[in-house]
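Notes for the one structure printed next.
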Amino acid sequence: MITTLYLSNDTSARAAGADRLAHAWEREPDLQLIRTSSRGAFFLEPLVECDGPAGRLLWPRATPGDLPRIRAGIGGVQLSDVPFLAQQQRFVFSRFGQAEPLSLTQYRADGGWQAADRAAGWSPETIIQEMKASGLRGRGGAAFPVWNKWDIARRTASDQKYVVANADEGDAGTYCDRMIMEGEPFRLIEGMLICAKAIGADCGYIYCRWEYPAAAGAMRAAISEAERAGALAVEGRPFRLEVFRGAGSYVCGEETALLSSLEGGRGMVKVRPPYPAVAGLYGKPTVVSNVLTFATVTEIVSRGAAWHAALGTERSKGTVALQLGGRIRQPGLIEIPFGSTLREVLERFGGGMADGGRFKAVQVGGPLGSLFPESQLDIHLCFDAFNDAGAVLGHGGIVVFDDQTDMVELARHYMTFTAEESCGTCSPCRIGSVRSRELLERIERGQGTPADLELLADLGETMKATSLCAHGARGPYPVLTAIEHFGREFRNRLDQADA
Ligand SMILES: Cc1cc2nc3c(=O)[nH]c(=O)nc-3n(C[C@H](O)[C@H](O)[C@H](O)COP(=O)(O)O)c2cc1C
Ligand code: SF4
């Protein structure tokens with residue numbers, strides 16, 4: 001009898017040894033190995049799955065020698081026995097771990113393409129009304145209402161309009177866009193088609209970060225597959241969709257820099273207005289939305305706006321994709337409704353600190369995000385609670401640091417990043433980040449003075465207030481929150497200088 005096993009082909013699973021298993025078992029008789037998307041429980045990879053009489057069984061951290069046990073059904077655990085997975089409420093990521101990413105047939109059999117088909121029968125106004133009723137806000141970081149952007153692009157008259165998926169995913173510790181592109185590429189394409197119908201576009205681009213070769217390859221293959229099936233069309237006309245590889249700059253994730261890069265220019269941030277929805281790619285109305293945003297659009301059209309509006313908090317509707325990383329036992333992807341506290345998420349899903357380390361701080365929202373000490377973990381994970389706290393949820397990256405972390409070194413590291421990635425358009429960021437980095441380097445060497453610390457805070461406030469984009473405006477936050485919560489470490493370095 002042929003045994004069918006499932007093994008993720010996601011980059012994270014391959015990094016954990018999935019290909020080694022596939023290679024070891026490729027000549028095994030009576031064995032069919034299906035490569036799937038990943039469940040996102042990275043601490044369990046490589047994860048092998050098999051359907052048993054009582055449902056799907058999982059073999060975490062499998063090795064080549066486990067095959068006889070797996071064939072015999074010995075030692076497998078039920079999904080419900082893995083709290084990390086069982087406690088989530090997955091919608092956008094519901095098929096992850098089961099789906100064959102490039103099978104359009106399977107995608108359709110699981111209800112895929114229903115959303116695009118449904119939206120094809122709707123007017124642009126109805127689609128935008130659906131987005132409004134759903135309360136969907138962009139997942140790329142700025143949390144702007146999706147319907148509003150789409151409506152502006154729809155109302156702006158033009159012979160040409162574009163839909164652009166922002167797949168630059170530059171925030172350290174984030175990976176959900178990559179997982180969608182590698183694991184559910186048709187879901188992204190569907191969301192882009194729905195947007196194209198709403199605004200009247202016949203051309204789109206996926207701006208994929210350079211460091212994601214597998215995601216770019218999967219997207220290209222999925223586009224070809226959809227084309228072959230005649231599914232890549234809007235209003236009966238072909239929709240031209242291309243993957244564009246980014247050039248490795250963080251600021252190219254900012255929408256105006258992204259569009260400059262897409263046009264073949266340097267990734268420099270432009271003054272807004274005009275916003276891309278009015279004058280974007282080649283000066284034409286362009287919707288730039290995050291990959292997860294488009295994937296969520298597909299889910300909303302498929303399940304209905306009311307479903308989305310009923311989840312989450314009053315002003316952060318739906319689910320949030322949190323990406324846990326750093327010094328914890330259970331790094332991975334979590335999809336839950338907005339509104340849990342940071343503490344709940346770390347306790348329920350993080351599995352405790354790695355290797356007996358003790359918690360020191362957690363950074364939420366990528367390299368421009370604030371640091372939270374233990375006393376602030378009761379903050380609710382939603383856009384508005386973070387906004388009220390002067391923080392950003394960003395793209396949902398959560399990185400945990402342990403008590404071995406040197407906060408001065410960490411602050412210097414972040415400001416070095418801000419300085420190196422600054423596009424240079426505006427002086428508060430271009431100059432302020434370099435001067436801040438120099439001050440932090442001096443403090444780190446034990447040569448700083450109390451006046452340096454004051455100057456650092458002053459520069460930070462200037463960058464926050466006067467930078468052209470969020471790169472410079474948010475850049476000081478990791479440093480300022482490190483000083484606010486761990487000021488003693490900074491002052492101790494100054495003491496050394498005095499001594
Ligand atoms: C420095 C900087 C980097 C950014 N990087 C990304 C990114 O990697 N991915 C992303 O979707 N949005 C990124 N953004 C936000 C985009 O400018 C834009 O708001 C977003 O793509 C809009 O999509 P959304 O409405 O779906 O969130 C970045 C913004 C800044 C200022
Ligand atoms: S804040 Fe920094 S990244 Fe943004 S426009 Fe100014 S120089 Fe460029």
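Residue names in the structure tokens use chain letters A, B, ... in the order shown, residue numbers from 1 in each chain, and ligand numbers from 1 in the order shown.
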*Which residues come within 6 Å of segment 405-411 of chain A, counting only C-alpha atoms, excluding same-chain residues fewer than 3 positions away, as JSON, numbers by chain?*
{"A": [402, 414, 479]}
*Please identify the residues whose atoms come within 9 Å of ligand 2, using only C-alpha atoms and all ligand atoms, and report them as an NGL selection string.*
:A and (250-251 or 254 or 257 or 268-271 or 418-419 or 421-431 or 433 or 463 or 466-475)
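The two atoms in question, atom CA of Val48 of chain A and atom CA of Arg61 of chain A, are spaced 8.0 Å apart.
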_Please find the residues contacting ligand 1 at a distance of at most 8 Å between atoms, with only C-alpha atoms and all ligand atoms counted, and report them as JSON, numbers by chain._
{"A": [137, 138, 139, 140, 141, 142, 143, 144, 145, 146, 149, 165, 166, 167, 168, 169, 170, 171, 250, 251, 252, 253, 254, 255, 256, 288, 289, 290, 291, 292, 293, 294, 395, 469, 470, 471, 472]}
*So which residues touch Ser436 of chain A within 7 Å, counting only C-alpha atoms, skipping near sequence neighbours fewer than 3 positions away, as a PyMOL selection string?*
chain A and resi 415+432-433+439-440+456+459
Can you tell me which residues surround segment 95-110 of chain A at a distance of at most 10 Å, considering only C-alpha atoms, apart from same-chain residues fewer than 2 positions away, and format the answer as a PDB file with N, CA and C atoms, in the first residue's frame?
ATOM      1  N   TYR A   6       3.140  14.197   4.041  1.00  0.00           N
ATOM      2  CA  TYR A   6       3.154  15.620   3.694  1.00  0.00           C
ATOM      3  C   TYR A   6       4.335  16.281   4.404  1.00  0.00           C
ATOM      4  N   LEU A   7       5.070  17.081   3.648  1.00  0.00           N
ATOM      5  CA  LEU A   7       6.264  17.732   4.190  1.00  0.00           C
ATOM      6  C   LEU A   7       6.327  19.139   3.596  1.00  0.00           C
ATOM      7  N   SER A   8       6.545  20.113   4.447  1.00  0.00           N
ATOM      8  CA  SER A   8       6.536  21.498   3.952  1.00  0.00           C
ATOM      9  C   SER A   8       7.724  21.779   3.027  1.00  0.00           C
ATOM     10  N   ASN A   9       7.438  22.607   2.034  1.00  0.00           N
ATOM     11  CA  ASN A   9       8.483  23.045   1.109  1.00  0.00           C
ATOM     12  C   ASN A   9       8.832  24.514   1.358  1.00  0.00           C
ATOM     13  N   ASP A  10       8.305  25.085   2.438  1.00  0.00           N
ATOM     14  CA  ASP A  10       8.555  26.485   2.774  1.00  0.00           C
ATOM     15  C   ASP A  10      10.035  26.674   3.118  1.00  0.00           C
ATOM     16  N   ILE A  34       4.307  14.531  -0.545  1.00  0.00           N
ATOM     17  CA  ILE A  34       3.720  15.749  -1.112  1.00  0.00           C
ATOM     18  C   ILE A  34       4.296  16.953  -0.378  1.00  0.00           C
ATOM     19  N   ARG A  35       4.874  17.873  -1.140  1.00  0.00           N
ATOM     20  CA  ARG A  35       5.458  19.075  -0.518  1.00  0.00           C
ATOM     21  C   ARG A  35       4.365  20.141  -0.402  1.00  0.00           C
ATOM     22  N   THR A  36       4.209  20.656   0.794  1.00  0.00           N
ATOM     23  CA  THR A  36       3.106  21.584   1.082  1.00  0.00           C
ATOM     24  C   THR A  36       3.630  22.947   1.534  1.00  0.00           C
ATOM     25  N   SER A  37       2.701  23.832   1.871  1.00  0.00           N
ATOM     26  CA  SER A  37       3.055  25.070   2.578  1.00  0.00           C
ATOM     27  C   SER A  37       3.377  24.702   4.028  1.00  0.00           C
ATOM     28  N   SER A  38       3.778  25.701   4.821  1.00  0.00           N
ATOM     29  CA  SER A  38       4.168  25.408   6.208  1.00  0.00           C
ATOM     30  C   SER A  38       3.087  25.847   7.183  1.00  0.00           C
ATOM     31  N   ARG A  39       2.955  25.118   8.281  1.00  0.00           N
ATOM     32  CA  ARG A  39       2.027  25.555   9.327  1.00  0.00           C
ATOM     33  C   ARG A  39       2.582  26.746  10.100  1.00  0.00           C
ATOM     34  N   GLY A  40       3.863  27.015   9.942  1.00  0.00           N
ATOM     35  CA  GLY A  40       4.449  28.173  10.609  1.00  0.00           C
ATOM     36  C   GLY A  40       4.889  27.891  12.032  1.00  0.00           C
ATOM     37  N   ALA A  41       4.841  26.623  12.458  1.00  0.00           N
ATOM     38  CA  ALA A  41       5.349  26.268  13.786  1.00  0.00           C
ATOM     39  C   ALA A  41       6.810  25.861  13.580  1.00  0.00           C
ATOM     40  N   LEU A  47       8.557  19.022   9.857  1.00  0.00           N
ATOM     41  CA  LEU A  47       7.329  18.417  10.368  1.00  0.00           C
ATOM     42  C   LEU A  47       6.740  17.521   9.282  1.00  0.00           C
ATOM     43  N   VAL A  48       6.585  16.231   9.605  1.00  0.00           N
ATOM     44  CA  VAL A  48       6.019  15.294   8.629  1.00  0.00           C
ATOM     45  C   VAL A  48       4.594  14.961   9.066  1.00  0.00           C
ATOM     46  N   GLU A  49       3.694  14.895   8.091  1.00  0.00           N
ATOM     47  CA  GLU A  49       2.292  14.626   8.422  1.00  0.00           C
ATOM     48  C   GLU A  49       1.762  13.457   7.606  1.00  0.00           C
ATOM     49  N   ARG A  56      -5.475  13.697  10.751  1.00  0.00           N
ATOM     50  CA  ARG A  56      -4.089  14.008  10.433  1.00  0.00           C
ATOM     51  C   ARG A  56      -3.187  13.836  11.661  1.00  0.00           C
ATOM     52  N   ARG A  90      -7.305  30.454  12.730  1.00  0.00           N
ATOM     53  CA  ARG A  90      -6.732  30.720  11.410  1.00  0.00           C
ATOM     54  C   ARG A  90      -7.809  30.847  10.331  1.00  0.00           C
ATOM     55  N   PHE A  91      -7.687  31.890   9.578  1.00  0.00           N
ATOM     56  CA  PHE A  91      -8.569  32.097   8.427  1.00  0.00           C
ATOM     57  C   PHE A  91      -7.710  32.290   7.179  1.00  0.00           C
ATOM     58  N   VAL A  92      -6.930  33.378   7.165  1.00  0.00           N
ATOM     59  CA  VAL A  92      -6.054  33.626   6.015  1.00  0.00           C
ATOM     60  C   VAL A  92      -5.038  32.482   5.888  1.00  0.00           C
ATOM     61  N   PHE A  93      -4.627  31.950   7.018  1.00  0.00           N
ATOM     62  CA  PHE A  93      -3.612  30.890   7.015  1.00  0.00           C
ATOM     63  C   PHE A  93      -4.220  29.507   7.248  1.00  0.00           C
ATOM     64  N   GLY A 112     -11.076  27.977  -3.235  1.00  0.00           N
ATOM     65  CA  GLY A 112     -10.317  29.090  -3.800  1.00  0.00           C
ATOM     66  C   GLY A 112     -10.927  29.577  -5.101  1.00  0.00           C
ATOM     67  N   TRP A 113     -10.671  30.791  -5.433  1.00  0.00           N
ATOM     68  CA  TRP A 113     -11.144  31.526  -6.609  1.00  0.00           C
ATOM     69  C   TRP A 113     -12.621  31.890  -6.529  1.00  0.00           C
ATOM     70  N   GLN A 114     -13.266  31.455  -5.428  1.00  0.00           N
ATOM     71  CA  GLN A 114     -14.664  31.856  -5.220  1.00  0.00           C
ATOM     72  C   GLN A 114     -14.772  33.364  -5.088  1.00  0.00           C
ATOM     73  N   MET A 179       5.618  33.649   3.565  1.00  0.00           N
ATOM     74  CA  MET A 179       4.874  32.393   3.683  1.00  0.00           C
ATOM     75  C   MET A 179       3.668  32.366   2.744  1.00  0.00           C
ATOM     76  N   ILE A 180       3.000  33.514   2.617  1.00  0.00           N
ATOM     77  CA  ILE A 180       1.833  33.566   1.713  1.00  0.00           C
ATOM     78  C   ILE A 180       2.290  33.349   0.269  1.00  0.00           C
ATOM     79  N   MET A 181       3.362  34.019  -0.117  1.00  0.00           N
ATOM     80  CA  MET A 181       3.805  33.897  -1.513  1.00  0.00           C
ATOM     81  C   MET A 181       4.283  32.476  -1.824  1.00  0.00           C
ATOM     82  N   GLU A 182       4.995  31.893  -0.870  1.00  0.00           N
ATOM     83  CA  GLU A 182       5.472  30.513  -1.105  1.00  0.00           C
ATOM     84  C   GLU A 182       4.349  29.494  -0.936  1.00  0.00           C
ATOM     85  N   GLY A 183       3.419  29.785  -0.027  1.00  0.00           N
ATOM     86  CA  GLY A 183       2.450  28.768   0.369  1.00  0.00           C
ATOM     87  C   GLY A 183       1.048  28.931  -0.195  1.00  0.00           C
ATOM     88  N   GLU A 184       0.630  30.165  -0.457  1.00  0.00           N
ATOM     89  CA  GLU A 184      -0.729  30.429  -0.962  1.00  0.00           C
ATOM     90  C   GLU A 184      -0.670  31.496  -2.046  1.00  0.00           C
ATOM     91  N   PRO A 185       0.113  31.291  -3.093  1.00  0.00           N
ATOM     92  CA  PRO A 185       0.280  32.370  -4.076  1.00  0.00           C
ATOM     93  C   PRO A 185      -1.024  32.767  -4.768  1.00  0.00           C
ATOM     94  N   PHE A 186      -1.950  31.818  -4.933  1.00  0.00           N
ATOM     95  CA  PHE A 186      -3.196  32.155  -5.635  1.00  0.00           C
ATOM     96  C   PHE A 186      -4.070  33.103  -4.809  1.00  0.00           C
ATOM     97  N   ARG A 187      -3.920  33.020  -3.481  1.00  0.00           N
ATOM     98  CA  ARG A 187      -4.716  33.895  -2.613  1.00  0.00           C
ATOM     99  C   ARG A 187      -4.307  35.363  -2.811  1.00  0.00           C
ATOM    100  N   ALA A 218       7.799  31.024  -6.737  1.00  0.00           N
ATOM    101  CA  ALA A 218       6.449  30.481  -6.543  1.00  0.00           C
ATOM    102  C   ALA A 218       5.408  31.409  -7.157  1.00  0.00           C
ATOM    103  N   MET A 219       5.605  32.713  -6.985  1.00  0.00           N
ATOM    104  CA  MET A 219       4.636  33.664  -7.548  1.00  0.00           C
ATOM    105  C   MET A 219       4.633  33.595  -9.068  1.00  0.00           C
ATOM    106  N   ALA A 221       5.459  31.065 -10.959  1.00  0.00           N
ATOM    107  CA  ALA A 221       4.841  29.801 -11.380  1.00  0.00           C
ATOM    108  C   ALA A 221       3.322  29.873 -11.228  1.00  0.00           C
ATOM    109  N   ALA A 222       2.855  30.487 -10.142  1.00  0.00           N
ATOM    110  CA  ALA A 222       1.406  30.579  -9.915  1.00  0.00           C
ATOM    111  C   ALA A 222       0.758  31.498 -10.952  1.00  0.00           C
ATOM    112  N   ILE A 223       1.451  32.581 -11.311  1.00  0.00           N
ATOM    113  CA  ILE A 223       0.912  33.498 -12.334  1.00  0.00           C
ATOM    114  C   ILE A 223       0.757  32.739 -13.660  1.00  0.00           C
ATOM    115  N   GLU A 225       0.403  29.568 -14.089  1.00  0.00           N
ATOM    116  CA  GLU A 225      -0.663  28.567 -13.929  1.00  0.00           C
ATOM    117  C   GLU A 225      -2.041  29.230 -14.066  1.00  0.00           C
ATOM    118  N   ALA A 226      -2.199  30.387 -13.421  1.00  0.00           N
ATOM    119  CA  ALA A 226      -3.490  31.096 -13.505  1.00  0.00           C
ATOM    120  C   ALA A 226      -3.743  31.567 -14.935  1.00  0.00           C
ATOM    121  N   ALA A 229      -4.853  28.697 -17.055  1.00  0.00           N
ATOM    122  CA  ALA A 229      -6.230  28.300 -16.756  1.00  0.00           C
ATOM    123  C   ALA A 229      -7.229  29.370 -17.183  1.00  0.00           C
ATOM    124  N   ALA A 231      -7.604  32.191 -15.815  1.00  0.00           N
ATOM    125  CA  ALA A 231      -8.185  32.826 -14.627  1.00  0.00           C
ATOM    126  C   ALA A 231      -7.629  34.224 -14.361  1.00  0.00           C
TER     127      ALA A 231
END
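In terms of minimum interatomic distance to Ala354 of chain A, A:Val400 ranks closest within A:Val400, A:Ala215, A:Ala389, A:Leu311, counting only C-alpha atoms.
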